[in-house]
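Asker: This is coords_19.txt, which holds compact mmCIF, C-alpha atoms:
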```
# COMPACT_ATOMS: atom_id res chain seq x y z
CA MET A 397 -15.77 180.08 -87.31
CA ALA A 398 -15.05 181.21 -83.76
CA GLU A 399 -11.90 183.21 -83.24
CA VAL A 400 -11.44 182.31 -79.59
CA LEU A 401 -10.10 178.93 -78.67
CA SER A 402 -11.77 177.11 -75.82
CA ALA A 403 -11.35 173.44 -74.96
CA GLU A 404 -11.12 171.15 -71.96
CA TRP A 405 -7.51 170.26 -72.72
CA MET A 406 -6.53 173.92 -72.30
CA GLN A 407 -7.56 173.73 -68.64
CA ARG A 408 -4.99 171.07 -67.74
CA GLU A 409 -2.97 171.96 -64.65
CA ASP A 410 0.28 170.65 -66.11
CA LEU A 411 -0.16 172.86 -69.19
CA ALA A 412 -0.88 175.86 -66.99
CA ALA A 413 2.35 175.18 -65.09
CA LEU A 414 4.25 174.92 -68.37
CA ILE A 415 2.85 178.19 -69.71
CA ALA A 416 3.67 179.91 -66.39
CA ALA A 417 7.24 178.59 -66.56
CA LEU A 418 7.74 180.07 -70.03
CA GLY A 419 6.41 183.43 -68.88
CA ALA A 420 3.62 185.76 -69.95
CA GLY A 421 3.49 186.39 -73.68
CA ASN A 422 6.14 183.77 -74.44
CA ALA A 423 3.90 180.93 -75.57
CA ARG A 424 1.15 180.32 -78.10
CA TYR A 425 -0.51 177.07 -79.11
CA VAL A 426 0.02 176.42 -82.80
CA GLY A 427 -0.87 174.07 -85.63
CA GLY A 428 -2.95 170.94 -85.24
CA ALA A 429 -4.08 171.58 -81.68
CA VAL A 430 -5.60 174.92 -82.72
CA ARG A 431 -7.00 173.63 -86.02
CA ASP A 432 -8.57 170.50 -84.57
CA THR A 433 -10.07 172.32 -81.58
CA LEU A 434 -11.76 174.81 -83.90
CA LEU A 435 -13.15 171.88 -85.90
CA GLY A 436 -14.35 170.05 -82.80
CA ILE A 437 -11.91 167.19 -83.38
CA ALA A 438 -10.09 165.47 -80.52
CA VAL A 439 -6.58 166.89 -80.10
CA LYS A 440 -3.76 164.34 -80.15
CA ASP A 441 -0.61 166.46 -80.03
CA ILE A 442 -0.01 169.86 -78.48
CA ASP A 443 2.64 172.16 -79.94
CA ILE A 444 3.76 175.50 -78.55
CA ALA A 445 5.65 178.26 -80.35
CA THR A 446 7.82 180.68 -78.38
CA PRO A 447 10.20 183.57 -79.06
CA LEU A 448 12.51 182.14 -76.38
CA VAL A 449 15.63 180.36 -77.66
CA PRO A 450 15.99 176.66 -76.74
CA ALA A 451 18.57 177.21 -73.98
CA GLU A 452 16.24 179.70 -72.28
CA VAL A 453 13.31 177.29 -72.61
CA ILE A 454 15.33 174.52 -70.97
CA ASP A 455 16.50 176.82 -68.16
CA ARG A 456 12.95 177.97 -67.42
CA LEU A 457 11.56 174.44 -67.44
CA THR A 458 14.35 173.24 -65.19
CA ALA A 459 13.67 176.06 -62.74
CA ALA A 460 10.01 175.02 -62.68
CA GLN A 461 11.03 171.36 -62.15
CA ILE A 462 9.57 170.33 -65.51
CA ARG A 463 11.63 167.66 -67.26
CA SER A 464 12.61 168.42 -70.84
CA VAL A 465 14.28 166.58 -73.70
CA PRO A 466 16.14 168.38 -76.54
CA THR A 467 14.38 166.35 -79.24
CA GLY A 468 15.15 168.71 -82.13
CA ILE A 469 17.48 171.24 -80.62
CA GLU A 470 19.16 172.07 -83.94
CA HIS A 471 15.75 173.16 -85.24
CA GLY A 472 14.74 174.86 -82.00
CA THR A 473 12.53 172.14 -80.52
CA VAL A 474 12.46 171.10 -76.87
CA THR A 475 9.95 168.56 -75.58
CA ALA A 476 8.43 169.09 -72.15
CA ILE A 477 7.53 165.82 -70.41
CA LEU A 478 4.20 166.42 -68.67
CA PRO A 479 1.87 164.07 -66.78
CA GLY A 480 -0.75 164.59 -69.49
CA GLY A 481 1.67 163.80 -72.31
CA PRO A 482 4.66 165.39 -74.06
CA VAL A 483 4.42 168.91 -75.46
CA GLU A 484 6.79 170.19 -78.14
CA ILE A 485 8.03 173.76 -77.68
CA THR A 486 9.69 175.29 -80.73
CA THR A 487 11.42 178.64 -81.05
CA LEU A 488 10.02 180.97 -83.73
CA ARG A 489 11.90 180.43 -86.98
CA HIS A 490 12.32 181.67 -90.50
CA ASP A 491 13.96 179.81 -93.38
CA VAL A 492 17.46 180.82 -94.45
CA SER A 493 17.72 178.31 -97.28
CA THR A 494 15.88 175.22 -98.51
CA ASP A 495 16.57 172.54 -101.10
CA GLY A 496 13.30 170.66 -101.13
CA ARG A 497 14.50 168.04 -98.67
CA ARG A 498 15.79 170.00 -95.70
CA ALA A 499 15.81 173.58 -94.53
CA THR A 500 18.39 175.75 -92.85
CA VAL A 501 16.57 177.92 -90.33
CA ALA A 502 17.33 180.87 -88.10
CA PHE A 503 15.50 181.88 -84.98
CA ALA A 504 12.99 184.69 -85.34
CA THR A 505 11.30 187.14 -82.99
CA GLU A 506 8.07 187.81 -84.90
CA TRP A 507 5.14 185.39 -84.76
CA GLN A 508 4.16 186.17 -88.34
CA ASP A 509 7.62 185.21 -89.63
CA ASP A 510 7.15 181.81 -88.05
CA ALA A 511 3.67 181.46 -89.52
CA ALA A 512 4.88 182.41 -93.01
CA ARG A 513 7.22 179.40 -93.23
CA ARG A 514 4.44 176.86 -92.59
CA ASP A 515 2.72 174.86 -95.30
CA PHE A 516 -1.05 175.49 -95.27
CA THR A 517 -3.15 178.38 -94.02
CA ILE A 518 -5.13 176.09 -91.69
CA ASN A 519 -1.87 175.02 -90.01
CA ALA A 520 -0.69 178.59 -89.41
CA LEU A 521 -3.17 179.44 -86.66
CA TYR A 522 -1.83 180.46 -83.23
CA ALA A 523 -3.77 180.82 -79.98
CA ASP A 524 -2.97 182.69 -76.80
CA PRO A 525 -3.15 180.26 -73.84
CA ALA A 526 -4.56 182.88 -71.48
CA SER A 527 -7.27 184.52 -73.59
CA GLY A 528 -7.80 181.88 -76.26
CA ALA A 529 -7.49 184.61 -78.91
CA VAL A 530 -6.63 183.14 -82.31
CA PHE A 531 -4.03 184.83 -84.51
CA ASP A 532 -4.46 184.35 -88.27
CA TRP A 533 -2.31 186.16 -90.85
CA PHE A 534 -3.15 184.16 -93.98
CA GLY A 535 -6.90 183.53 -93.98
CA GLY A 536 -6.71 180.17 -92.25
CA LEU A 537 -9.92 180.69 -90.28
CA ALA A 538 -11.95 181.37 -93.41
CA ASP A 539 -10.34 178.39 -95.14
CA LEU A 540 -11.09 176.16 -92.17
CA SER A 541 -14.69 177.28 -92.18
CA ALA A 542 -14.99 176.55 -95.91
CA ARG A 543 -13.00 173.29 -95.68
CA ARG A 544 -10.62 174.80 -98.21
CA LEU A 545 -6.97 173.68 -98.25
CA ARG A 546 -4.55 176.31 -99.55
CA PHE A 547 -0.82 176.71 -99.44
CA ILE A 548 0.45 179.85 -97.74
CA GLY A 549 1.47 182.32 -100.41
CA ASP A 550 2.77 180.86 -103.67
CA ALA A 551 2.03 177.12 -103.84
CA ARG A 552 5.01 176.34 -106.04
CA GLN A 553 7.39 178.14 -103.74
CA ARG A 554 6.06 176.24 -100.72
CA ILE A 555 6.60 172.94 -102.56
CA ARG A 556 10.08 173.89 -103.73
CA GLU A 557 10.97 174.49 -100.07
CA ASP A 558 9.86 170.97 -99.12
CA HIS A 559 8.86 168.50 -101.83
CA LEU A 560 7.05 166.29 -99.32
CA ARG A 561 4.41 169.00 -99.09
CA ILE A 562 2.89 167.54 -102.25
CA LEU A 563 1.94 164.38 -100.39
CA ARG A 564 1.03 166.33 -97.27
CA TYR A 565 -1.33 168.39 -99.43
CA PHE A 566 -3.23 165.28 -100.52
CA ARG A 567 -3.32 163.88 -96.99
CA PHE A 568 -4.73 167.11 -95.58
CA GLN A 569 -7.10 167.41 -98.53
CA ALA A 570 -8.44 163.92 -97.77
CA ARG A 571 -8.88 164.78 -94.10
CA PHE A 572 -10.05 168.40 -94.13
CA GLY A 573 -10.68 169.52 -97.69
CA SER A 574 -13.79 169.78 -99.80
CA GLN A 575 -14.42 169.67 -103.53
CA PRO A 576 -13.62 171.31 -105.81
CA ALA A 577 -10.08 171.56 -104.53
CA ASP A 578 -7.90 174.65 -104.81
CA PRO A 579 -6.84 174.82 -108.49
CA GLU A 580 -3.53 176.56 -107.77
CA ALA A 581 -2.55 173.86 -105.29
CA GLU A 582 -3.44 171.03 -107.66
CA SER A 583 -1.64 172.66 -110.57
CA ALA A 584 1.49 173.14 -108.49
CA CYS A 585 1.41 169.50 -107.33
CA THR A 586 1.20 168.29 -110.92
CA ASP A 587 3.93 170.58 -112.20
CA LEU A 588 6.34 169.63 -109.41
CA ALA A 589 5.40 165.96 -108.96
CA ALA A 590 8.76 164.81 -110.32
CA THR A 591 10.52 166.46 -107.37
CA LEU A 592 9.18 163.65 -105.16
CA LYS A 593 11.79 161.38 -106.73
CA GLY A 594 14.46 163.25 -104.78
CA LEU A 595 13.01 162.37 -101.38
CA SER A 596 13.93 159.38 -99.27
CA ARG A 597 11.63 156.47 -99.99
CA GLU A 598 11.05 156.09 -96.25
CA ARG A 599 9.57 159.59 -95.99
CA VAL A 600 7.38 158.96 -99.02
CA GLY A 601 6.23 155.61 -97.65
CA MET A 602 5.39 157.08 -94.26
CA GLU A 603 3.35 159.88 -95.82
CA MET A 604 1.50 157.43 -98.07
CA LEU A 605 0.61 155.24 -95.09
CA ASN A 606 -0.64 158.30 -93.19
CA LEU A 607 -2.91 159.08 -96.13
CA LEU A 608 -4.12 155.50 -96.58
CA GLY A 609 -5.01 155.21 -92.90
CA LEU A 610 -7.65 157.96 -93.14
CA PRO A 611 -11.35 156.97 -93.18
CA ASP A 612 -11.77 157.22 -96.97
CA PRO A 613 -8.67 158.13 -98.95
CA ALA A 614 -9.92 156.54 -102.19
CA PRO A 615 -11.20 159.71 -103.94
CA THR A 616 -7.99 161.54 -103.06
CA VAL A 617 -5.78 158.71 -104.30
CA GLN A 618 -7.80 158.66 -107.52
CA ARG A 619 -7.20 162.41 -107.86
CA MET A 620 -3.47 161.86 -107.28
CA ALA A 621 -3.52 159.48 -110.23
CA GLN A 622 -5.37 161.98 -112.42
CA LEU A 623 -2.89 164.72 -111.53
CA ALA A 624 0.12 162.51 -112.38
CA VAL A 625 1.35 162.43 -108.79
CA LEU A 626 0.57 158.83 -107.86
CA PRO A 627 2.60 157.31 -110.74
CA VAL A 628 5.70 159.06 -109.40
CA VAL A 629 5.53 157.46 -105.94
CA LEU A 630 3.62 154.24 -106.68
CA PRO A 631 3.46 153.48 -110.41
CA GLU A 632 2.01 150.01 -109.74
CA ALA A 633 -1.12 151.42 -108.06
CA ASP A 634 -4.72 150.72 -109.09
CA PRO A 635 -6.93 153.35 -107.39
CA ALA A 636 -10.15 151.51 -108.34
CA ALA A 637 -9.15 148.51 -106.23
CA LEU A 638 -8.67 150.79 -103.23
CA ALA A 639 -12.17 152.22 -103.60
CA ALA A 640 -13.62 148.70 -103.66
CA LEU A 641 -11.74 147.74 -100.48
CA VAL A 642 -12.81 150.89 -98.59
CA ALA A 643 -16.44 150.21 -99.50
CA HIS A 644 -16.17 146.57 -98.39
CA GLU A 645 -14.49 147.54 -95.10
CA ALA A 646 -17.42 149.86 -94.40
CA ARG A 647 -19.98 147.13 -95.15
CA GLN A 648 -18.18 144.71 -92.84
CA GLY A 649 -17.67 147.28 -90.07
CA ILE A 650 -13.87 146.92 -90.25
CA ALA A 651 -11.64 149.83 -89.19
CA PRO A 652 -9.31 151.44 -91.75
CA ASP A 653 -5.85 149.94 -92.06
CA ALA A 654 -3.04 151.52 -94.07
CA ILE A 655 -1.11 148.34 -94.92
CA ARG A 656 -4.26 146.57 -96.14
CA ARG A 657 -5.11 149.62 -98.29
CA LEU A 658 -1.58 149.63 -99.71
CA ALA A 659 -2.05 145.95 -100.58
CA ALA A 660 -5.28 146.85 -102.38
CA LEU A 661 -3.42 149.33 -104.57
CA LEU A 662 -0.98 146.64 -105.67
CA PRO A 663 -1.51 143.61 -107.92
CA ALA A 664 -1.73 140.18 -106.26
CA ASP A 665 1.99 139.60 -106.74
CA PRO A 666 4.06 138.72 -103.62
CA ALA A 667 7.36 139.53 -105.34
CA LEU A 668 6.12 142.99 -106.30
CA ALA A 669 4.71 143.57 -102.81
CA GLU A 670 8.08 142.72 -101.30
CA LYS A 671 9.76 145.14 -103.70
CA VAL A 672 7.37 147.98 -102.74
CA ALA A 673 7.82 147.22 -99.04
CA SER A 674 11.58 147.51 -99.44
CA ARG A 675 11.22 150.70 -101.46
CA PHE A 676 9.11 152.32 -98.74
CA ARG A 677 11.41 150.98 -96.00
CA LEU A 678 8.52 149.25 -94.24
CA SER A 679 9.20 147.34 -91.04
CA GLY A 680 9.76 143.59 -91.16
CA ALA A 681 6.26 142.92 -89.83
CA GLN A 682 4.69 145.31 -92.36
CA LYS A 683 6.67 143.77 -95.21
CA LYS A 684 5.58 140.26 -94.22
CA ARG A 685 1.96 141.29 -93.98
CA LEU A 686 1.96 143.13 -97.32
CA THR A 687 3.55 140.13 -99.03
CA LEU A 688 1.09 137.73 -97.40
CA ALA A 689 -1.84 139.85 -98.58
CA ALA A 690 -0.43 139.83 -102.09
CA GLY A 691 -0.74 136.03 -102.14
CA ARG A 692 -4.51 136.28 -102.30
CA GLY A 693 -6.47 134.32 -104.88
CA GLY A 694 -9.76 134.92 -106.65
CA ALA A 695 -11.84 133.33 -103.89
CA GLU A 696 -10.59 132.61 -100.40
CA PRO A 697 -11.45 129.36 -98.55
CA ASN A 698 -13.30 128.99 -95.26
CA ALA A 699 -12.64 132.12 -93.17
CA ARG A 700 -11.76 130.26 -89.99
CA ALA A 701 -9.47 127.85 -91.79
CA LEU A 702 -7.75 130.83 -93.37
CA ALA A 703 -7.35 132.52 -89.96
CA TYR A 704 -5.87 129.35 -88.48
CA ARG A 705 -3.32 129.22 -91.30
CA LEU A 706 -2.48 132.92 -91.63
CA GLY A 707 -3.53 134.45 -88.31
CA ARG A 708 -6.54 136.72 -87.78
CA GLU A 709 -4.93 139.80 -89.32
CA GLY A 710 -3.71 137.96 -92.40
CA ALA A 711 -7.08 136.31 -92.89
CA LEU A 712 -8.96 139.61 -92.57
CA ASP A 713 -6.67 141.14 -95.17
CA ARG A 714 -7.22 138.31 -97.65
CA LEU A 715 -10.99 138.17 -97.08
CA LEU A 716 -11.50 141.91 -97.39
CA LEU A 717 -9.26 142.23 -100.43
CA THR A 718 -11.26 139.55 -102.24
CA GLY A 719 -14.65 140.90 -101.17
CA ALA A 720 -15.43 137.92 -98.91
CA ASP A 721 -17.49 137.96 -95.71
CA THR A 722 -15.55 138.27 -92.43
CA GLY A 723 -18.48 137.59 -90.08
CA ALA A 724 -17.28 134.08 -89.20
CA LEU A 725 -14.30 135.58 -87.39
CA ASN A 726 -16.38 137.84 -85.14
CA GLY A 727 -15.98 136.71 -81.53
CA TRP A 728 -14.06 133.60 -82.59
CA ASP A 729 -10.67 132.79 -81.09
CA ILE A 730 -8.21 130.78 -83.13
CA PRO A 731 -7.93 127.38 -81.39
CA THR A 732 -4.78 125.44 -80.58
CA PHE A 733 -4.37 122.07 -82.27
CA PRO A 734 -4.86 119.55 -79.40
CA LEU A 735 -2.32 116.98 -80.57
CA LYS A 736 1.45 116.79 -80.20
CA GLY A 737 4.04 114.58 -81.75
CA GLY A 738 4.60 112.94 -78.39
CA ASP A 739 0.98 111.83 -78.32
CA ILE A 740 1.54 109.94 -81.57
CA VAL A 741 4.77 108.35 -80.32
CA ALA A 742 2.87 107.24 -77.19
CA ARG A 743 0.51 105.35 -79.50
CA GLY A 744 3.39 103.19 -80.73
CA VAL A 745 4.64 105.11 -83.76
CA GLY A 746 8.41 105.31 -83.93
CA ALA A 747 9.93 108.75 -83.78
CA GLY A 748 10.73 110.07 -87.24
CA PRO A 749 9.09 111.38 -90.42
CA ASP A 750 5.99 109.22 -89.90
CA VAL A 751 5.11 111.23 -86.81
CA ALA A 752 5.21 114.52 -88.73
CA ARG A 753 3.19 113.05 -91.60
CA ILE A 754 0.48 111.71 -89.29
CA LEU A 755 0.41 114.97 -87.35
CA ARG A 756 -0.15 116.95 -90.56
CA THR A 757 -2.86 114.57 -91.74
CA VAL A 758 -4.78 114.76 -88.47
CA GLU A 759 -4.44 118.53 -88.39
CA THR A 760 -5.78 118.81 -91.94
CA ARG A 761 -8.83 116.70 -91.00
CA TRP A 762 -9.32 118.74 -87.84
CA VAL A 763 -9.40 121.98 -89.80
CA GLU A 764 -11.69 120.52 -92.47
CA GLU A 765 -14.11 119.45 -89.74
CA SER A 766 -14.16 122.99 -88.28
CA PHE A 767 -11.91 122.41 -85.28
CA PRO A 768 -13.71 119.70 -83.26
CA ASP A 769 -12.73 118.90 -79.65
CA ALA A 770 -9.84 116.75 -78.44
CA ALA A 771 -12.01 113.63 -78.28
CA ARG A 772 -12.71 113.87 -82.00
CA VAL A 773 -9.00 114.40 -82.70
CA GLU A 774 -8.24 111.18 -80.81
CA THR A 775 -10.82 109.38 -82.96
CA ILE A 776 -9.25 110.70 -86.17
CA LEU A 777 -5.84 109.59 -84.96
CA SER A 778 -7.14 106.13 -84.09
CA GLU A 779 -8.67 105.79 -87.55
CA LEU A 780 -5.31 106.56 -89.12
CA LEU A 781 -3.42 104.12 -86.94
CA THR A 782 -5.74 101.14 -87.46
```
What does this structure look like when you write it as structure tokens?

Answerer:
Amino acid sequence: MAEVLSAEWMQREDLAALIAALGAGNARYVGGAVRDTLLGIAVKDIDIATPLVPAEVIDRLTAAQIRSVPTGIEHGTVTAILPGGPVEITTLRHDVSTDGRRATVAFATEWQDDAARRDFTINALYADPASGAVFDWFGGLADLSARRLRFIGDARQRIREDHLRILRYFRFQARFGSQPADPEAESACTDLAATLKGLSRERVGMEMLNLLGLPDPAPTVQRMAQLAVLPVVLPEADPAALAALVAHEARQGIAPDAIRRLAALLPADPALAEKVASRFRLSGAQKKRLTLAAGRGGAEPNARALAYRLGREGALDRLLLTGADTGALNGWDIPTFPLKGGDIVARGVGAGPDVARILRTVETRWVEESFPDAARVETILSELLT
């Protein structure tokens, strides 16, 4: 594993201006941007650590005419708004106290103190913007090279500081780890799994969706079940059903989707799906989709008819969850029914319930006949009215 960071994103002019504004020696890239660059993965978010306190960061950015937003000022975070995207700048910190849900922090002056409070060794890598030199105090480079996910220091202590780190461990294990996994980490997750009950359901739900949206989370979710972690956060889950869905998605060339994968973990029970959606504080749209997916049967009808009734997304969910073929939806746009109530009234039918009944009957025939053109719809209508 190289110990010098080099990437195209590091050459951005707006980043260079930001680093210059903070001053020599006052900024290092940290976390995911360093980790992903070393792995050759596209970098999504750029984070900077600095010994400067937030007020000083804001003053220096203002002097350099760089707009900033105090997004997490109580925790030392200021976001610089750059043409190439926002960059979070956080003052070096060390924990004063933690309760598993939130931490009280104090600003620090030593880079290693800041690194020591992070979760995993591969996330505690810092890089100098000028030289690209990578700073590693806890063996993160070796772990990254071996695809080994380890907590920094004592795994149980790290989890006691923030219980959500249990779920973060499995998400990072699914994304970066290899097998066999670190035994100390797994043992700590099992022993402290019950602490997840003290977290907000929204945080748990968000972390679960982040995990389920990865390319193939099925083996990791199965391992969570074996280690008695999954029953704490989702006791209704069936990991085998998730594995079947992931395999079917791959065969059909369908991209991963976290809500669909969550539906796969649950029984085909709309009431239960609604309950889980509420527990995880899902959005209204997510809740509706999860509940709709839970209404699946043993064998779904014609794919296009299903898409017309449920929408493309709902139909894909139902088809994939039941192992059906989705090819009929490729390149096909859901048509608009070419008949209105007014058209029926114009044919001499009095306004009222008869119009709605006829409209539904014609629409049902239209769907059964695979959405023929308007001329055929007129013929169907004429047949009903004669």

Asker: Name all residues at most 12 Å from region 597-604 of chain A (count all atoms listed in the file; drop same-chain ones fewer than 6 positions away) and give them as a PDB file with C-alpha atoms, in the frame of the given file.

Answerer:
```
ATOM      1  CA  ARG A 497      14.500 168.040 -98.670  1.00  0.00           C
ATOM      2  CA  ASP A 558       9.860 170.970 -99.120  1.00  0.00           C
ATOM      3  CA  HIS A 559       8.860 168.500-101.830  1.00  0.00           C
ATOM      4  CA  LEU A 560       7.050 166.290 -99.320  1.00  0.00           C
ATOM      5  CA  ARG A 561       4.410 169.000 -99.090  1.00  0.00           C
ATOM      6  CA  ILE A 562       2.890 167.540-102.250  1.00  0.00           C
ATOM      7  CA  LEU A 563       1.940 164.380-100.390  1.00  0.00           C
ATOM      8  CA  ARG A 564       1.030 166.330 -97.270  1.00  0.00           C
ATOM      9  CA  TYR A 565      -1.330 168.390 -99.430  1.00  0.00           C
ATOM     10  CA  PHE A 566      -3.230 165.280-100.520  1.00  0.00           C
ATOM     11  CA  ARG A 567      -3.320 163.880 -96.990  1.00  0.00           C
ATOM     12  CA  PHE A 568      -4.730 167.110 -95.580  1.00  0.00           C
ATOM     13  CA  ALA A 570      -8.440 163.920 -97.770  1.00  0.00           C
ATOM     14  CA  THR A 591      10.520 166.460-107.370  1.00  0.00           C
ATOM     15  CA  LEU A 610      -7.650 157.960 -93.140  1.00  0.00           C
ATOM     16  CA  PRO A 613      -8.670 158.130 -98.950  1.00  0.00           C
ATOM     17  CA  THR A 616      -7.990 161.540-103.060  1.00  0.00           C
ATOM     18  CA  VAL A 617      -5.780 158.710-104.300  1.00  0.00           C
ATOM     19  CA  MET A 620      -3.470 161.860-107.280  1.00  0.00           C
ATOM     20  CA  VAL A 625       1.350 162.430-108.790  1.00  0.00           C
ATOM     21  CA  LEU A 626       0.570 158.830-107.860  1.00  0.00           C
ATOM     22  CA  VAL A 628       5.700 159.060-109.400  1.00  0.00           C
ATOM     23  CA  VAL A 629       5.530 157.460-105.940  1.00  0.00           C
ATOM     24  CA  LEU A 630       3.620 154.240-106.680  1.00  0.00           C
ATOM     25  CA  ALA A 633      -1.120 151.420-108.060  1.00  0.00           C
ATOM     26  CA  ALA A 654      -3.040 151.520 -94.070  1.00  0.00           C
ATOM     27  CA  ILE A 655      -1.110 148.340 -94.920  1.00  0.00           C
ATOM     28  CA  ARG A 657      -5.110 149.620 -98.290  1.00  0.00           C
ATOM     29  CA  LEU A 658      -1.580 149.630 -99.710  1.00  0.00           C
ATOM     30  CA  LEU A 661      -3.420 149.330-104.570  1.00  0.00           C
ATOM     31  CA  VAL A 672       7.370 147.980-102.740  1.00  0.00           C
ATOM     32  CA  ALA A 673       7.820 147.220 -99.040  1.00  0.00           C
ATOM     33  CA  SER A 674      11.580 147.510 -99.440  1.00  0.00           C
ATOM     34  CA  ARG A 675      11.220 150.700-101.460  1.00  0.00           C
ATOM     35  CA  PHE A 676       9.110 152.320 -98.740  1.00  0.00           C
ATOM     36  CA  ARG A 677      11.410 150.980 -96.000  1.00  0.00           C
ATOM     37  CA  LEU A 678       8.520 149.250 -94.240  1.00  0.00           C
ATOM     38  CA  SER A 679       9.200 147.340 -91.040  1.00  0.00           C
ATOM     39  CA  GLN A 682       4.690 145.310 -92.360  1.00  0.00           C
TER      40      GLN A 682
END
```

Asker: Calculated over all atoms listed in the file, which of the candidates A:Asn519, A:Asn726, A:Gln407, A:Thr782 has the smallest distance to Gly428 (chain A)?

Answerer: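 Among the listed residues, A:Asn519 lies closest to Gly428 (chain A).
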
Asker: Residues near Asp443 (chain A), anyone? I mean within 7 Å using all atoms listed in the file, not counting same-chain ones fewer than 4 positions away, as a list of chain:residue names.

Answerer: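 Listed by chain and then number, they are A:Tyr425, A:Val426, A:Gly427, A:Ala429, A:Val483, A:Glu484, A:Ile485.
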
Asker: Need to verify the contact set: Ile469 (chain A), 12 Å, all atoms listed in the file, exclusion of same-chain residues closer than 2 positions in sequence. Can you return it as a PDB file with C-alpha atoms, in the frame of the given file?

Answerer:
```pdb
ATOM      1  CA  VAL A 449      15.630 180.360 -77.660  1.00  0.00           C
ATOM      2  CA  PRO A 450      15.990 176.660 -76.740  1.00  0.00           C
ATOM      3  CA  ALA A 451      18.570 177.210 -73.980  1.00  0.00           C
ATOM      4  CA  GLU A 452      16.240 179.700 -72.280  1.00  0.00           C
ATOM      5  CA  VAL A 453      13.310 177.290 -72.610  1.00  0.00           C
ATOM      6  CA  ILE A 454      15.330 174.520 -70.970  1.00  0.00           C
ATOM      7  CA  SER A 464      12.610 168.420 -70.840  1.00  0.00           C
ATOM      8  CA  VAL A 465      14.280 166.580 -73.700  1.00  0.00           C
ATOM      9  CA  PRO A 466      16.140 168.380 -76.540  1.00  0.00           C
ATOM     10  CA  THR A 467      14.380 166.350 -79.240  1.00  0.00           C
ATOM     11  CA  HIS A 471      15.750 173.160 -85.240  1.00  0.00           C
ATOM     12  CA  GLY A 472      14.740 174.860 -82.000  1.00  0.00           C
ATOM     13  CA  THR A 473      12.530 172.140 -80.520  1.00  0.00           C
ATOM     14  CA  VAL A 474      12.460 171.100 -76.870  1.00  0.00           C
ATOM     15  CA  THR A 475       9.950 168.560 -75.580  1.00  0.00           C
ATOM     16  CA  GLU A 484       6.790 170.190 -78.140  1.00  0.00           C
ATOM     17  CA  ILE A 485       8.030 173.760 -77.680  1.00  0.00           C
ATOM     18  CA  THR A 486       9.690 175.290 -80.730  1.00  0.00           C
ATOM     19  CA  THR A 487      11.420 178.640 -81.050  1.00  0.00           C
ATOM     20  CA  VAL A 501      16.570 177.920 -90.330  1.00  0.00           C
ATOM     21  CA  PHE A 503      15.500 181.880 -84.980  1.00  0.00           C
TER      22      PHE A 503
END
```

Asker: CA of Ala621 (chain A) and CA of Pro635 (chain A) are how many Å apart?

Answerer: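 Atom-to-atom, CA of Ala621 (chain A) to CA of Pro635 (chain A), that is 7.6 Å.
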
Asker: Quick one: region 751-762 of chain A with N, CA and C atoms, as a PDB file, in the frame of the given file?

Answerer:
```pdb
ATOM      1  N   VAL A 751       5.808 110.438 -87.828  1.00  0.00           N
ATOM      2  CA  VAL A 751       5.110 111.230 -86.810  1.00  0.00           C
ATOM      3  C   VAL A 751       4.651 112.564 -87.404  1.00  0.00           C
ATOM      4  N   ALA A 752       5.550 113.243 -88.117  1.00  0.00           N
ATOM      5  CA  ALA A 752       5.210 114.520 -88.730  1.00  0.00           C
ATOM      6  C   ALA A 752       4.115 114.357 -89.775  1.00  0.00           C
ATOM      7  N   ARG A 753       4.206 113.285 -90.570  1.00  0.00           N
ATOM      8  CA  ARG A 753       3.190 113.050 -91.600  1.00  0.00           C
ATOM      9  C   ARG A 753       1.818 112.806 -90.996  1.00  0.00           C
ATOM     10  N   ILE A 754       1.762 111.992 -89.959  1.00  0.00           N
ATOM     11  CA  ILE A 754       0.480 111.710 -89.290  1.00  0.00           C
ATOM     12  C   ILE A 754      -0.065 112.969 -88.638  1.00  0.00           C
ATOM     13  N   LEU A 755       0.827 113.734 -88.024  1.00  0.00           N
ATOM     14  CA  LEU A 755       0.410 114.970 -87.350  1.00  0.00           C
ATOM     15  C   LEU A 755      -0.235 115.921 -88.358  1.00  0.00           C
ATOM     16  N   ARG A 756       0.389 116.063 -89.533  1.00  0.00           N
ATOM     17  CA  ARG A 756      -0.150 116.950 -90.560  1.00  0.00           C
ATOM     18  C   ARG A 756      -1.497 116.439 -91.077  1.00  0.00           C
ATOM     19  N   THR A 757      -1.610 115.142 -91.225  1.00  0.00           N
ATOM     20  CA  THR A 757      -2.860 114.570 -91.740  1.00  0.00           C
ATOM     21  C   THR A 757      -4.007 114.792 -90.757  1.00  0.00           C
ATOM     22  N   VAL A 758      -3.745 114.551 -89.487  1.00  0.00           N
ATOM     23  CA  VAL A 758      -4.780 114.760 -88.470  1.00  0.00           C
ATOM     24  C   VAL A 758      -5.162 116.235 -88.390  1.00  0.00           C
ATOM     25  N   GLU A 759      -4.155 117.086 -88.464  1.00  0.00           N
ATOM     26  CA  GLU A 759      -4.440 118.530 -88.390  1.00  0.00           C
ATOM     27  C   GLU A 759      -5.289 118.972 -89.568  1.00  0.00           C
ATOM     28  N   THR A 760      -4.994 118.451 -90.760  1.00  0.00           N
ATOM     29  CA  THR A 760      -5.780 118.810 -91.940  1.00  0.00           C
ATOM     30  C   THR A 760      -7.229 118.380 -91.760  1.00  0.00           C
ATOM     31  N   ARG A 761      -7.472 117.176 -91.252  1.00  0.00           N
ATOM     32  CA  ARG A 761      -8.830 116.700 -91.000  1.00  0.00           C
ATOM     33  C   ARG A 761      -9.519 117.557 -89.946  1.00  0.00           C
ATOM     34  N   TRP A 762      -8.774 117.920 -88.944  1.00  0.00           N
ATOM     35  CA  TRP A 762      -9.320 118.740 -87.840  1.00  0.00           C
ATOM     36  C   TRP A 762      -9.794 120.095 -88.361  1.00  0.00           C
TER      37      TRP A 762
END
```
